[in-house]
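Report on one structure; see the data block that follows.
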Amino acid sequence: MTSLRDVAERAQVAVSTASAALNGTRPVAEATRRRVEQAAAELGYRPNLLARGLQSKRTRILALMFPAPHSGFGLTEMQFATSAAEAASELGYHLLLSPESADPMQELRHLTGLGLVDGVLLMEVRLDDERTAFLAGSQVPFTMIGRTREPGSIDYADIDFAATARAAVAHVAGLGHRKLGFFNLSAETYAPQYGPAIRAGAEFARAAAEAGIGYAGDFRPGSAEEGAKAFERLMDAHPDVTALAVMDDHAAVGVITAVARRGWRIPEDLTLMLVLSSARVAEMFHPRLTTLEPPSAELGRLGTRMLIDRLQGDAPPQQRLVPCRLVVGDSSAPPPREGVR
């Protein structure tokens, strides 16, 4: 196996200089750093993270704790993870993706108890999340992608749900719609008190009220079949709804099916929007759906950088909200004339 001494000899520097260049433990001239990195690449050198950890009490490994939904990891979830891993790599860290089991606290205790991670990045945060209290009590540095009910001084990067809801409501109101329906995430798919579901529901209701349009939001379908049934219930109770925002991609499939069964068409008879889905997912639907695309890559990078900043020294709390991006597809149109639908 190639050693650090081999790298130092190839780069014609001292072993301590080679170590500093690769590990970032002290400043090294740019030309020297590049020469050391080239030597390491040519020799196929891989640092021994455990040995480095014993010397510096740092492993430069971060853990991303992700309680995956029952449907598994989708494109949007993987965008969070890959962007976080890229940000960690750019700053000389490694990111360990740790999908949580049925008992997330057991997984967290096990992972932090091993002493192999310098810090933890929490995702899928609940309003009252016991993981934050455990990490704070264990003095394990952590940040959140998402936020608790009262985050206090905890670093976080999260979606600006208020701005996102206002953008969605302004879009449909601008087209002339006077009543909006909203299908939230199902309680069975995501944990109770799941922050995005609670905040999205509250902010969509508030945005509709502020815009002076009607709102119907007491629906939580989590599958295509449930989406179709929820749409029928919505139409029975609120036949004047002409625009619908859906948070679950599978439920949106059911809505499209139910619309077709009635002999209706999208967008002529119903404007349909996805919420917190990527534009690439929206393109898989026919017609291509309008979506509120989450800033997955930006949040993943922000959360990771906040955690590394926390590891490198005391700093004021960093708390950022980033709105979703409205991507208008082929499923948006003015509402049908009264009686024409």
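Ordering of the structure tokens sets the chain letters (A, B, ...), residue numbers begin anew at 1 in every chain, and ligands are numbered from 1 in the order given.
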
Show which residues sit within 9 Å of Met123 (chain A), as a VMD selection string. Count only C-alpha atoms, and ignore same-chain residues fewer than 3 positions away. chain A and resid 64 to 67 144 to 147

Could you write out that same residue set with N, CA, C and O atoms as an mmCIF file, in the first residue's frame?
```cif
data_model
loop_
_atom_site.group_PDB
_atom_site.id
_atom_site.type_symbol
_atom_site.label_atom_id
_atom_site.label_comp_id
_atom_site.auth_asym_id
_atom_site.auth_seq_id
_atom_site.Cartn_x
_atom_site.Cartn_y
_atom_site.Cartn_z
ATOM 1 N N LEU A 64 -25.369 11.795 7.286
ATOM 2 C CA LEU A 64 -26.653 12.347 6.869
ATOM 3 C C LEU A 64 -27.739 11.374 7.315
ATOM 4 O O LEU A 64 -27.854 10.262 6.793
ATOM 5 N N MET A 65 -28.518 11.780 8.309
ATOM 6 C CA MET A 65 -29.567 10.916 8.873
ATOM 7 C C MET A 65 -30.861 11.165 8.102
ATOM 8 O O MET A 65 -31.413 12.263 8.131
ATOM 9 N N PHE A 66 -31.334 10.131 7.414
ATOM 10 C CA PHE A 66 -32.459 10.301 6.508
ATOM 11 C C PHE A 66 -33.487 9.200 6.738
ATOM 12 O O PHE A 66 -33.294 8.078 6.278
ATOM 13 N N PRO A 67 -34.592 9.473 7.446
ATOM 14 C CA PRO A 67 -35.648 8.464 7.573
ATOM 15 C C PRO A 67 -36.431 8.380 6.261
ATOM 16 O O PRO A 67 -37.265 9.229 5.960
ATOM 17 N N MET A 144 -29.615 21.088 10.520
ATOM 18 C CA MET A 144 -30.843 20.499 10.002
ATOM 19 C C MET A 144 -31.134 20.997 8.592
ATOM 20 O O MET A 144 -30.943 22.170 8.290
ATOM 21 N N ILE A 145 -31.579 20.084 7.728
ATOM 22 C CA ILE A 145 -32.235 20.463 6.483
ATOM 23 C C ILE A 145 -33.725 20.307 6.792
ATOM 24 O O ILE A 145 -34.259 19.201 6.810
ATOM 25 N N GLY A 146 -34.364 21.416 7.066
ATOM 26 C CA GLY A 146 -35.675 21.435 7.691
ATOM 27 C C GLY A 146 -35.522 22.117 9.037
ATOM 28 O O GLY A 146 -34.424 22.554 9.395
ATOM 29 N N ARG A 147 -36.583 22.171 9.815
ATOM 30 C CA ARG A 147 -36.463 22.801 11.122
ATOM 31 C C ARG A 147 -37.567 22.327 12.050
ATOM 32 O O ARG A 147 -38.639 21.909 11.601
#
```

Could you pull out the residues in region 180-341 of chain A that DSSP calls helix (DSSP H, G or I) from the backbone, as a ChimeraX atom specification? /A:195-211,224-237,249-261,279-282,296-311

With only C-alpha atoms as the counted atoms, please give the residues lying no more than 12 Å from Ser277 (chain A), apart from itself and same-chain residues fewer than 3 positions off, as number ranges by chain. A: 74-77, 79, 245-250, 252, 273-274, 280-285, 289-296, 324-327

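Among A:Val13, A:Ala173, A:Leu311, A:Val340, the residue with the shortest atom-to-atom distance to Val117 (chain A), counting only C-alpha atoms, is A:Leu311.
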
Contacts of Ser186 (chain A) at 10 Å (only C-alpha atoms; same-chain gap of 3+ positions) as a short mmCIF file (atom, residue, chain, number, x, y, z; two decimals) with N, CA and C atoms, in the first residue's frame:
```cif
data_model
loop_
_atom_site.label_atom_id
_atom_site.label_comp_id
_atom_site.auth_asym_id
_atom_site.auth_seq_id
_atom_site.Cartn_x
_atom_site.Cartn_y
_atom_site.Cartn_z
N PHE A 183 -54.01 18.88 -1.76
CA PHE A 183 -53.85 17.53 -1.23
C PHE A 183 -52.48 17.45 -0.55
N THR A 189 -47.55 7.84 5.11
CA THR A 189 -46.32 7.87 4.34
C THR A 189 -45.20 8.53 5.11
N TYR A 190 -45.50 9.63 5.78
CA TYR A 190 -44.50 10.37 6.54
C TYR A 190 -44.89 10.41 8.01
N ALA A 191 -43.89 10.61 8.86
CA ALA A 191 -44.11 10.61 10.29
C ALA A 191 -45.07 11.71 10.69
N PRO A 192 -45.85 11.49 11.76
CA PRO A 192 -46.69 12.56 12.28
C PRO A 192 -45.84 13.78 12.65
N ALA A 197 -45.07 18.90 5.71
CA ALA A 197 -46.51 18.69 5.53
C ALA A 197 -47.31 19.69 6.36
N PHE A 219 -57.38 17.04 2.84
CA PHE A 219 -57.22 15.78 2.11
C PHE A 219 -55.76 15.35 2.22
N ARG A 220 -55.53 14.02 2.45
CA ARG A 220 -54.17 13.52 2.61
C ARG A 220 -53.99 12.18 1.90
N PRO A 221 -54.13 12.13 0.58
CA PRO A 221 -53.94 10.86 -0.13
C PRO A 221 -52.46 10.51 -0.28
N GLY A 222 -52.15 9.22 -0.17
CA GLY A 222 -50.76 8.80 -0.25
C GLY A 222 -50.48 7.79 -1.35
N SER A 223 -51.43 7.58 -2.25
CA SER A 223 -51.25 6.63 -3.34
C SER A 223 -52.12 7.07 -4.50
N GLU A 226 -55.76 6.35 -3.64
CA GLU A 226 -56.28 7.33 -2.68
C GLU A 226 -56.43 8.71 -3.34
N MET A 247 -49.22 17.34 -3.18
CA MET A 247 -47.87 17.16 -2.66
C MET A 247 -47.30 15.77 -2.92
N ASP A 248 -48.15 14.79 -3.17
CA ASP A 248 -47.68 13.42 -3.39
C ASP A 248 -47.76 13.08 -4.87
N ALA A 251 -50.31 10.38 -5.71
CA ALA A 251 -51.68 10.87 -5.63
C ALA A 251 -52.04 11.65 -6.88
#
```

Using only C-alpha atoms, which protein or nucleic acid residues come within 9 Å of region 315-319 of chain A? Drop anything in the same chain fewer than 3 positions from it, and give the result as a PyMOL selection string. chain A and resi 152-158+306+309-310+312

Could you dump the residues just selected with all heavy atoms as a compact mmCIF listing (two decimals), in the first residue's frame?
```txt
# COMPACT_ATOMS: atom_id res chain seq x y z
N GLY A 152 -34.64 27.66 17.83
CA GLY A 152 -33.72 28.39 18.70
C GLY A 152 -32.45 28.76 17.95
O GLY A 152 -32.49 29.39 16.90
N SER A 153 -31.31 28.31 18.49
CA SER A 153 -30.02 28.67 17.90
C SER A 153 -29.44 27.55 17.04
O SER A 153 -28.26 27.60 16.69
CB SER A 153 -29.03 29.02 19.02
OG SER A 153 -28.83 27.92 19.89
N ILE A 154 -30.23 26.55 16.69
CA ILE A 154 -29.74 25.46 15.86
C ILE A 154 -29.63 25.93 14.41
O ILE A 154 -30.51 26.59 13.88
CB ILE A 154 -30.69 24.24 15.93
CG1 ILE A 154 -30.83 23.75 17.36
CG2 ILE A 154 -30.17 23.11 15.05
CD1 ILE A 154 -31.88 22.65 17.54
N ASP A 155 -28.52 25.58 13.76
CA ASP A 155 -28.33 25.92 12.35
C ASP A 155 -29.31 25.10 11.49
O ASP A 155 -29.48 23.90 11.70
CB ASP A 155 -26.90 25.59 11.90
CG ASP A 155 -25.86 26.38 12.68
OD1 ASP A 155 -26.04 27.58 12.87
OD2 ASP A 155 -24.86 25.76 13.11
N TYR A 156 -29.93 25.76 10.50
CA TYR A 156 -30.80 25.02 9.59
C TYR A 156 -30.90 25.72 8.25
O TYR A 156 -30.69 26.94 8.12
CB TYR A 156 -32.19 24.82 10.18
CG TYR A 156 -33.04 26.06 10.30
CD1 TYR A 156 -33.65 26.64 9.18
CD2 TYR A 156 -33.27 26.66 11.54
CE1 TYR A 156 -34.44 27.77 9.29
CE2 TYR A 156 -34.04 27.79 11.66
CZ TYR A 156 -34.63 28.34 10.53
OH TYR A 156 -35.41 29.48 10.65
N ALA A 157 -31.23 24.93 7.23
CA ALA A 157 -31.60 25.42 5.91
C ALA A 157 -32.91 24.73 5.56
O ALA A 157 -33.02 23.50 5.66
CB ALA A 157 -30.53 25.09 4.87
N ASP A 158 -33.91 25.50 5.18
CA ASP A 158 -35.23 24.92 4.97
C ASP A 158 -35.93 25.63 3.82
O ASP A 158 -35.53 26.71 3.38
CB ASP A 158 -36.07 25.05 6.25
CG ASP A 158 -37.29 24.14 6.26
OD1 ASP A 158 -37.40 23.28 5.35
OD2 ASP A 158 -38.14 24.28 7.16
N MET A 306 -22.98 24.63 6.60
CA MET A 306 -23.26 25.11 7.95
C MET A 306 -22.66 24.19 9.00
O MET A 306 -22.09 24.63 10.00
CB MET A 306 -24.78 25.22 8.17
CG MET A 306 -25.44 26.36 7.44
SD MET A 306 -27.24 26.33 7.70
CE MET A 306 -27.74 27.75 6.73
N ASP A 309 -18.89 24.65 9.02
CA ASP A 309 -18.58 25.90 9.72
C ASP A 309 -18.68 25.73 11.22
O ASP A 309 -17.86 26.25 11.98
CB ASP A 309 -19.55 27.00 9.26
CG ASP A 309 -19.26 27.50 7.86
OD1 ASP A 309 -18.16 27.21 7.34
OD2 ASP A 309 -20.13 28.19 7.28
N ARG A 310 -19.69 24.98 11.66
CA ARG A 310 -19.86 24.75 13.10
C ARG A 310 -18.70 23.94 13.64
O ARG A 310 -18.22 24.17 14.76
CB ARG A 310 -21.19 24.02 13.31
CG ARG A 310 -21.55 23.68 14.75
CD ARG A 310 -21.74 24.91 15.59
NE ARG A 310 -22.67 25.86 15.00
CZ ARG A 310 -22.67 27.16 15.27
NH1 ARG A 310 -21.77 27.67 16.09
NH2 ARG A 310 -23.54 27.96 14.70
N GLN A 312 -15.67 23.93 12.56
CA GLN A 312 -14.41 24.67 12.50
C GLN A 312 -14.33 25.81 13.50
O GLN A 312 -13.32 26.49 13.57
CB GLN A 312 -14.21 25.18 11.07
CG GLN A 312 -13.96 24.05 10.08
CD GLN A 312 -13.80 24.53 8.65
OE1 GLN A 312 -14.18 25.65 8.31
NE2 GLN A 312 -13.24 23.68 7.80
```

Which polymer residues have any atom within 10 Å of an atom of Leu97 (chain A), counting only C-alpha atoms, with same-chain residues fewer than 4 positions away left out, as a PyMOL selection string? chain A and resi 62-66+81-82+84-85+121

Restricting the output to N, CA and C atoms, write the selected residues as a PDB file, in the first residue's frame.
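Result saved to selection_13.pdb:
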```
ATOM      1  N   LEU A  62     -18.985  12.959   8.004  1.00  0.00           N
ATOM      2  CA  LEU A  62     -20.270  13.492   8.433  1.00  0.00           C
ATOM      3  C   LEU A  62     -21.348  12.459   8.139  1.00  0.00           C
ATOM      4  N   ALA A  63     -22.378  12.425   8.958  1.00  0.00           N
ATOM      5  CA  ALA A  63     -23.482  11.480   8.751  1.00  0.00           C
ATOM      6  C   ALA A  63     -24.735  12.241   8.344  1.00  0.00           C
ATOM      7  N   LEU A  64     -25.369  11.795   7.286  1.00  0.00           N
ATOM      8  CA  LEU A  64     -26.653  12.347   6.869  1.00  0.00           C
ATOM      9  C   LEU A  64     -27.739  11.374   7.315  1.00  0.00           C
ATOM     10  N   MET A  65     -28.518  11.780   8.309  1.00  0.00           N
ATOM     11  CA  MET A  65     -29.567  10.916   8.873  1.00  0.00           C
ATOM     12  C   MET A  65     -30.861  11.165   8.102  1.00  0.00           C
ATOM     13  N   PHE A  66     -31.334  10.131   7.414  1.00  0.00           N
ATOM     14  CA  PHE A  66     -32.459  10.301   6.508  1.00  0.00           C
ATOM     15  C   PHE A  66     -33.487   9.200   6.738  1.00  0.00           C
ATOM     16  N   ALA A  81     -29.244  14.478  -1.057  1.00  0.00           N
ATOM     17  CA  ALA A  81     -28.096  13.693  -0.608  1.00  0.00           C
ATOM     18  C   ALA A  81     -26.864  13.929  -1.472  1.00  0.00           C
ATOM     19  N   THR A  82     -27.034  13.935  -2.792  1.00  0.00           N
ATOM     20  CA  THR A  82     -25.862  14.087  -3.656  1.00  0.00           C
ATOM     21  C   THR A  82     -25.254  15.483  -3.546  1.00  0.00           C
ATOM     22  N   ALA A  84     -25.357  17.392  -0.889  1.00  0.00           N
ATOM     23  CA  ALA A  84     -24.690  17.444   0.404  1.00  0.00           C
ATOM     24  C   ALA A  84     -23.337  16.738   0.344  1.00  0.00           C
ATOM     25  N   ALA A  85     -23.293  15.592  -0.345  1.00  0.00           N
ATOM     26  CA  ALA A  85     -22.034  14.861  -0.468  1.00  0.00           C
ATOM     27  C   ALA A  85     -21.009  15.657  -1.267  1.00  0.00           C
ATOM     28  N   LEU A 121     -25.975  15.603  10.025  1.00  0.00           N
ATOM     29  CA  LEU A 121     -26.891  16.426   9.257  1.00  0.00           C
ATOM     30  C   LEU A 121     -28.250  15.730   9.285  1.00  0.00           C
TER      31      LEU A 121
END
```

Tell me, as number ranges by chain, which residues lie within 10 Å of Ile213 (chain A), counting only C-alpha atoms; anything in the same chain fewer than 5 positions away does not count. A: 169, 172-173, 176-180, 205, 207-208

Written file, previous selection with N, CA, C and O atoms, as an mmCIF file, in the first residue's frame:
```cif
data_model
loop_
_atom_site.group_PDB
_atom_site.id
_atom_site.type_symbol
_atom_site.label_atom_id
_atom_site.label_comp_id
_atom_site.auth_asym_id
_atom_site.auth_seq_id
_atom_site.Cartn_x
_atom_site.Cartn_y
_atom_site.Cartn_z
ATOM 1 N N VAL A 169 -50.383 30.294 -5.168
ATOM 2 C CA VAL A 169 -51.699 30.931 -5.154
ATOM 3 C C VAL A 169 -51.745 32.092 -6.146
ATOM 4 O O VAL A 169 -52.739 32.278 -6.864
ATOM 5 N N VAL A 172 -52.325 30.644 -9.737
ATOM 6 C CA VAL A 172 -53.684 30.234 -10.107
ATOM 7 C C VAL A 172 -54.649 31.418 -10.065
ATOM 8 O O VAL A 172 -55.553 31.531 -10.917
ATOM 9 N N ALA A 173 -54.461 32.318 -9.109
ATOM 10 C CA ALA A 173 -55.336 33.497 -9.052
ATOM 11 C C ALA A 173 -55.131 34.378 -10.276
ATOM 12 O O ALA A 173 -56.088 34.953 -10.817
ATOM 13 N N GLY A 176 -57.141 33.409 -13.079
ATOM 14 C CA GLY A 176 -58.567 33.647 -12.928
ATOM 15 C C GLY A 176 -59.298 32.649 -12.057
ATOM 16 O O GLY A 176 -60.521 32.733 -11.897
ATOM 17 N N HIS A 177 -58.580 31.686 -11.454
ATOM 18 C CA HIS A 177 -59.235 30.697 -10.588
ATOM 19 C C HIS A 177 -59.696 31.367 -9.292
ATOM 20 O O HIS A 177 -58.984 32.211 -8.729
ATOM 21 N N ARG A 178 -60.864 30.939 -8.813
ATOM 22 C CA ARG A 178 -61.421 31.535 -7.599
ATOM 23 C C ARG A 178 -61.455 30.559 -6.430
ATOM 24 O O ARG A 178 -61.809 30.938 -5.321
ATOM 25 N N LYS A 179 -61.096 29.288 -6.655
ATOM 26 C CA LYS A 179 -61.060 28.338 -5.543
ATOM 27 C C LYS A 179 -59.989 27.279 -5.812
ATOM 28 O O LYS A 179 -59.957 26.691 -6.907
ATOM 29 N N LEU A 180 -59.152 27.042 -4.794
ATOM 30 C CA LEU A 180 -58.016 26.122 -4.903
ATOM 31 C C LEU A 180 -58.193 24.943 -3.956
ATOM 32 O O LEU A 180 -58.552 25.112 -2.783
ATOM 33 N N ALA A 205 -53.233 27.525 3.056
ATOM 34 C CA ALA A 205 -54.498 28.074 3.545
ATOM 35 C C ALA A 205 -54.382 29.575 3.777
ATOM 36 O O ALA A 205 -55.277 30.351 3.420
ATOM 37 N N ALA A 207 -52.181 31.700 2.389
ATOM 38 C CA ALA A 207 -51.987 32.417 1.135
ATOM 39 C C ALA A 207 -53.302 32.568 0.373
ATOM 40 O O ALA A 207 -53.569 33.622 -0.230
ATOM 41 N N ALA A 208 -54.134 31.533 0.391
ATOM 42 C CA ALA A 208 -55.424 31.619 -0.290
ATOM 43 C C ALA A 208 -56.308 32.674 0.360
ATOM 44 O O ALA A 208 -56.975 33.461 -0.333
#
```
